[in-house]
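Reviewing the structure listed below.
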Amino acid sequence: MKVGVVRFPGSNCDGDAWHAVVDHLGVDAVYLWHKTASTEGCDVVILPGGFSYGDYLRPGAIARFSPVMSAVVAHARRGGPVLAICNGFQIACEAGLLPGALLRNASLRFVCDTVRLAVQRTDTMFTARYAPGQILRIPVAHGDGRYTADADTLTQLEAEGRVMFRYVDANGEPTSQANPNGALNNIAGIVNAEGNVLGMMPHPERAMDVRLGSADGVALFESLLAKVAA
Amino acid sequence: MSTVMARPGDPVITPALIAEHGLTPEEYERLTAMLGRAPTFTELGVVSALWSEHCSYKHSRPLLRTLPTQAPWVLQGPGENAGVIAVGDGLAVAFKIESHNHPSAVEPYQGAATGVGGILRDVFTMGARPIALLNSLRFGSLDSARVRWLFAGVVKGIGDYGNCIGVPTVGGEVVFDPAYEGNPLVNAMCIGVLREEELMRAVAQGVGNPIMAVGARTGRDGINGASFASEDLSDENDAKRPRVQVGDPFTEKLLLEASLELITSGHIVAIQDMGAAGLTSSSAEMAARGDVGVTIDVTKVPVRETGMTPYEILLSESQERMLVVARAGHEDAVREILAKWDLSAAVIGEVIAEPVYRVTEGDRVVAEFPGSRLVTDCPVYEPPAEESAAAVERRRVDVHAIAPRAQEQDPVWTLTQLLSSPTIASKAWVWRQYDSMVQTSTVRGPGGDAAVIRLRGTDRALASCIDGNGRYVALDPRVGGRIAVAEAARNVACTGARPRAITNNLNFGNPKRPEIFFQLREAVAGIGEACRVLETPVTGGNVSLYNESPKGAIHPTPTIGMVGVIESLSHVTPSAFTTAGDAIVLLGHCTDELGGSEYLLRIHDTLAGAPPTCNLQAERHLIDALLDAIGKGLVRSAHDVSDGGLAVALAECCMLDRERMTGASVDLTAWPALPERALLFGEAQGRVLVSTSTPDAVVAVAQRHGVPARTIGTVTDASHGLVLRTGTHRAVASIAALADAFHLAIPRIMDGDTPAEHAVAAGHAPVD
Amino acid sequence: MARYRLSIHISPRRGILDPQGQAVSDALHSLGFPEVRDVRVGRYLVAEVDAATPDAARAQATAMCEKLLANPVTEDFAIAAVEPA
């Protein structure tokens, strides 16, 4: 099995994603350079966090037209798993892999913190190793994380159970205080209709080691890799 | 030597023009003596930049030479882009601090952002990958709308730059004091990691090697406009010229990756940031270090605007540019690496045997200086120094005669006031805007005594902090200098680290005033004394003078960036109490020290008295004892006692982390002779609060090191509150109330009715 | 072919929360402009293009907005002017 971590010139969580896969799970990983229109036979593609091409126009707006993204979209259309984290989530939305968009945080400020997420479903390739309703502690670090979609799309997402993670408080309630960016319905992560593309603002690759605060992201990578290996 | 001709259109050099370039008549004499003729306009510009305080350290160099710079672990001391120390396992760290005070006072967002950009380049040009940023900030009172605007803008600028480039901002300090009202201080520090053998130095070498300009194009940014003959410089008038440099962190990210690739490729021999005074200073300094000549053709420099003169190209401070000396014949290989990162490089000159620094515009020589004298002939000053009578008087005030306010009957009132003082209160409002976790190595982020970053691939970690206390230095610069180093050392030791080396930023007023030069001289002496005793040599730093406004000079503020090494991740120790039932042990003495305290400033609006005494030998023993106890696994938490004294430190240990708060029951009746407010809020140095399940063992270790130690209480459940028993009181404070005071103080000010970001969003400085 | 200067406005879609516009509106109120009702903060782009006719230039601008410059989920765009450059 092989995991591809896409590397745009402004990616800055590419190394963290690579370490999560290689150091913690012992799986092979390669970097996929943005100028190369190929996923190089990878089974799983990770779109990591960062600032792709500087994100000056809109986060992800330019990245979506990069050569590597045409290959990533083709990989996803074939049913290949894509884990899109933070800037990766923004790019996936711009590229049409996921519905909706990520807007400037309601506070207008960048927010870096460790938040609580409630796992909404455990019957997916990304969340099988979590317990139903489990509350995770996962870091966020973004300036544009306010998930939004038109009313129809939102209704559809909720009806189809495609919200994977929601920001919650210590009691598991999706309160506005627990919502770091003003996302609609406290949405932290969603999947596409086929269930093979997960986009999320929080950083599971930063939650791999209790010495750094949390290891709650490990099960996400384990779920995904176990599914692919099966 | 070549014939140097004035350029058509250059202004005539007059005494007024010389003065506008900041050169004294004596300095101009020195310049003509060095050249053996009158300088051209271009040469005047070059020299005015290189002999400026910022580039030449002409008022501080003799003082800086007195600082200790040697230790077996120091691989590179002062004089390079950054200092470098060995940290074990073949790894080294490069680190440096730099100020961007003046630019941030004008345009806080870009000023702070470009400050971060500059210090990053200083570190990665040494071949080190940046792994952490810290910063030390000073502002006036947050009561002022303009100060809130400066504060919000600086924080956003630091955050946006570091967040984008992907280097975590892991710590620092923020202090609010009316003394900084007109002159905010923005000191940024960067730490990078490298393998020892990859160390790169900015020394031009090898006759015939090409000099290449890399990265962003050169524009008219930040040229020392002054008022002279601006129409002669360019088509645009002076008002249109951008004085503020604008940072581009995305380009910086590309430069970072490309530079590290260049360094490991073997295609280059030297690399340096084009920082202050741009091309001029980077090329002249590289040549001087290598004791070689260089020639530069300004028509080869890639420019962003048309019609730029040699003067402008040489002095531009456009950001995100590097100067590289490549190996002859490897130019295409260099270009190829840069192209991968969508950057370009142009050959703009070469290293020559003739010992001259020569600038041409095509065939015409527009500036030429003999050898490295351009750098080495810079004048050095040691102006008169005399302490001001006002400072002496202030120090001699009997602080015990200051009558307590009525509310102080209740020490909990005083404690709450101090915890909500913006200087002491939680800075989470600030560091939530910084990505402190990217690179997934942050073991302890902002908010504790020091930040801890693991060194990937080893069991070791680095601890780092920045500390400085302008109040103490204002009252007694020698003692204040000592305390700045001692406190920084104590802070990294609290996390389990052995303090190893410092970088310092000396922020002072106008050194030509005797009372200011006295402060500078004495503070540097105090820093040197502390660094010798604590074995933390100085590996570099920065001097920022002339921090004055019509209201006067800032407090003299040396800030100390300390780096320490933690031998095993298992030694990493938190600041806050962790476990109810643990004993609380105080290491160090409680003595009667109210002078210069945050208590006097906050409660009595007074800066007076002698600062706390600083016994450096005792500080050293304290650190040894603490690290011994931590190494033996006896310590659950450790927190140093500083601003606000013992009561504040105890409260912080209970509620630094709102997710895991505790209470504490503390008995301070062992110091009956101390006035209660000195006991609770005095800032006696050399003290650390430790929590432990084995207090007797901790006390025994301390005694072996000759450090006083006493069990003063017990960690309890948060619902029991913070109980403080003194000879006269038994005060009980609600932890929730203390936590509110501490955690909400700054958000309440900044996110009140008219948050400062509104003004930032609108792009305007509010007027008070 | 002639050269045209395009002026393009991109603004948050009606109904999408615009915290930046809200912040500016609040700041204006506090600075003594209570009459301000609605502020929306967007982007203004100026680009020069070569095209056969003004209409062709406008069509190019529209295509650019649809493809890259505006996000149809969150933003509206308007071609404010097409002028000879």
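FYI, nothing fancy with the structure tokens labels: chains A, B, ... in order, residues from 1 per chain, ligands from 1 as they appear.
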Contact check, range 490-539 of chain B to range 686-704 of chain B, at most 10 Å, counting only C-alpha atoms, closest pairs as a Markdown table:
```
| residue | atom | partner | partner_atom | distance |
| --- | --- | --- | --- | --- |
| B:Arg490 | CA | B:Gly686 | CA | 7.8 |
| B:Asn491 | CA | B:Val688 | CA | 9.2 |
| B:Ala493 | CA | B:Val688 | CA | 9.9 |
| B:Cys494 | CA | B:Val688 | CA | 7.8 |
```
task = At a cut-off of 10 Å, list the chain B residues touching chain A, using only C-alpha atoms, as a PyMOL selection string.
result = chain B and resi 156+159-160+163-167+248-254+257+340-342+428-445+453-454+569-570+572+659+751+757-758+761
key: Val46 in chain C environment, 8 Å, only C-alpha atoms, sequence neighbours closer than 4 positions dropped, as a ChimeraX atom specification   = /C:5-8
The selected residues should be written to file as a short mmCIF file (atom, residue, chain, number, x, y, z; two decimals), in the first residue's frame (atoms: N, CA and C atoms).
```cif
data_model
loop_
_atom_site.label_atom_id
_atom_site.label_comp_id
_atom_site.auth_asym_id
_atom_site.auth_seq_id
_atom_site.Cartn_x
_atom_site.Cartn_y
_atom_site.Cartn_z
N ARG C 5 -9.46 47.84 -20.74
CA ARG C 5 -9.26 47.71 -19.29
C ARG C 5 -10.58 47.26 -18.67
N LEU C 6 -10.52 46.12 -17.98
CA LEU C 6 -11.71 45.56 -17.33
C LEU C 6 -11.71 45.95 -15.85
N SER C 7 -12.86 46.37 -15.39
CA SER C 7 -13.03 46.60 -13.95
C SER C 7 -14.03 45.57 -13.44
N ILE C 8 -13.59 44.78 -12.49
CA ILE C 8 -14.41 43.66 -12.02
C ILE C 8 -14.64 43.79 -10.52
#
```
Sorted per-residue table, chain C near chain B, closest atoms and distance, 10 Å, only C-alpha atoms, as a tab-separated table:
```
residue	atom	partner	partner_atom	distance
C:Pro19	CA	B:His758	CA	9.9
C:Gln20	CA	B:Ala761	CA	6.7
C:Gly21	CA	B:Ala761	CA	8.7
C:Gln22	CA	B:His758	CA	8.7
C:Ala23	CA	B:His758	CA	4.9
C:Val24	CA	B:His758	CA	5.6
C:Ser25	CA	B:His758	CA	8.5
C:Asp26	CA	B:Thr754	CA	7.2
C:Ala27	CA	B:His758	CA	5.5
C:Leu28	CA	B:His758	CA	8.9
C:His29	CA	B:Thr754	CA	9.5
C:Ser30	CA	B:Thr754	CA	7.2
C:Leu31	CA	B:Pro766	CA	9.3
C:Val41	CA	B:Ala761	CA	9.5
```
Could I get the residues of range 23-65 of chain A with an atom no further than 12 Å from an atom of range 57-77 of chain C, each paired with its nearest atom pair and that distance in Å to one decimal, using only C-alpha atoms, sorted by chain and residue number, as a tab-separated table?
```
residue	atom	partner	partner_atom	distance
A:Tyr56	CA	C:Leu69	CA	11.0
A:Leu57	CA	C:Leu69	CA	7.3
A:Arg58	CA	C:Asn71	CA	8.4
A:Pro59	CA	C:Asn71	CA	10.5
A:Gly60	CA	C:Leu68	CA	10.3
A:Ala61	CA	C:Leu68	CA	6.5
A:Ile62	CA	C:Leu68	CA	7.3
A:Ala63	CA	C:Leu68	CA	10.5
A:Arg64	CA	C:Leu68	CA	9.4
A:Phe65	CA	C:Leu68	CA	9.0
```
task = Run DSSP on the backbone and grab whatever in range 653-713 of chain B lands in strand (DSSP E); send it over as a VMD selection string.
result = chain B and resid 662 to 667 688 to 692 709 to 713
Could you turn the residues from that selection into a file that holds N, CA and C atoms, as a PDB file, in the first residue's frame?
```
ATOM      1  N   THR B 662      -7.005  23.358  39.415  1.00  0.00           N
ATOM      2  CA  THR B 662      -6.895  22.783  40.751  1.00  0.00           C
ATOM      3  C   THR B 662      -7.063  23.915  41.760  1.00  0.00           C
ATOM      4  N   GLY B 663      -7.081  23.554  43.026  1.00  0.00           N
ATOM      5  CA  GLY B 663      -6.986  24.542  44.086  1.00  0.00           C
ATOM      6  C   GLY B 663      -5.649  24.366  44.788  1.00  0.00           C
ATOM      7  N   ALA B 664      -5.430  25.162  45.832  1.00  0.00           N
ATOM      8  CA  ALA B 664      -4.217  24.989  46.630  1.00  0.00           C
ATOM      9  C   ALA B 664      -4.471  25.557  48.014  1.00  0.00           C
ATOM     10  N   SER B 665      -3.916  24.887  48.989  1.00  0.00           N
ATOM     11  CA  SER B 665      -3.995  25.369  50.360  1.00  0.00           C
ATOM     12  C   SER B 665      -2.569  25.653  50.807  1.00  0.00           C
ATOM     13  N   VAL B 666      -2.287  26.918  51.100  1.00  0.00           N
ATOM     14  CA  VAL B 666      -0.902  27.343  51.268  1.00  0.00           C
ATOM     15  C   VAL B 666      -0.722  28.077  52.597  1.00  0.00           C
ATOM     16  N   ASP B 667       0.334  27.753  53.296  1.00  0.00           N
ATOM     17  CA  ASP B 667       0.644  28.365  54.583  1.00  0.00           C
ATOM     18  C   ASP B 667       1.952  29.147  54.447  1.00  0.00           C
ATOM     19  N   VAL B 688      11.158  29.247  42.733  1.00  0.00           N
ATOM     20  CA  VAL B 688      10.386  28.370  41.848  1.00  0.00           C
ATOM     21  C   VAL B 688       9.394  27.587  42.706  1.00  0.00           C
ATOM     22  N   LEU B 689       8.150  27.510  42.237  1.00  0.00           N
ATOM     23  CA  LEU B 689       7.125  26.689  42.887  1.00  0.00           C
ATOM     24  C   LEU B 689       7.101  25.313  42.224  1.00  0.00           C
ATOM     25  N   VAL B 690       7.241  24.288  43.046  1.00  0.00           N
ATOM     26  CA  VAL B 690       7.273  22.925  42.534  1.00  0.00           C
ATOM     27  C   VAL B 690       6.128  22.157  43.165  1.00  0.00           C
ATOM     28  N   SER B 691       5.438  21.325  42.386  1.00  0.00           N
ATOM     29  CA  SER B 691       4.502  20.388  43.014  1.00  0.00           C
ATOM     30  C   SER B 691       5.073  18.985  42.880  1.00  0.00           C
ATOM     31  N   THR B 692       4.846  18.185  43.921  1.00  0.00           N
ATOM     32  CA  THR B 692       5.518  16.890  43.989  1.00  0.00           C
ATOM     33  C   THR B 692       4.750  15.954  44.916  1.00  0.00           C
ATOM     34  N   ALA B 709      14.587  25.388  50.705  1.00  0.00           N
ATOM     35  CA  ALA B 709      13.368  24.756  50.190  1.00  0.00           C
ATOM     36  C   ALA B 709      12.438  24.487  51.347  1.00  0.00           C
ATOM     37  N   ARG B 710      11.152  24.705  51.118  1.00  0.00           N
ATOM     38  CA  ARG B 710      10.194  24.528  52.199  1.00  0.00           C
ATOM     39  C   ARG B 710       8.862  24.081  51.598  1.00  0.00           C
ATOM     40  N   THR B 711       8.248  23.104  52.258  1.00  0.00           N
ATOM     41  CA  THR B 711       6.912  22.702  51.830  1.00  0.00           C
ATOM     42  C   THR B 711       5.931  23.742  52.362  1.00  0.00           C
ATOM     43  N   ILE B 712       5.172  24.374  51.456  1.00  0.00           N
ATOM     44  CA  ILE B 712       4.297  25.468  51.894  1.00  0.00           C
ATOM     45  C   ILE B 712       2.820  25.137  51.729  1.00  0.00           C
ATOM     46  N   GLY B 713       2.497  23.959  51.223  1.00  0.00           N
ATOM     47  CA  GLY B 713       1.074  23.676  51.091  1.00  0.00           C
ATOM     48  C   GLY B 713       0.800  22.437  50.265  1.00  0.00           C
TER      49      GLY B 713
END
```
note = Of A:Gly172, A:Gly145, A:Gly100, A:Gly217, the one nearest to chain C when counting only C-alpha atoms is A:Gly100
ask   = Quick one: distance from CA of Arg138 in chain B to CA of Phe517 in chain B in Å, one decimal?
value = 20.9 Å
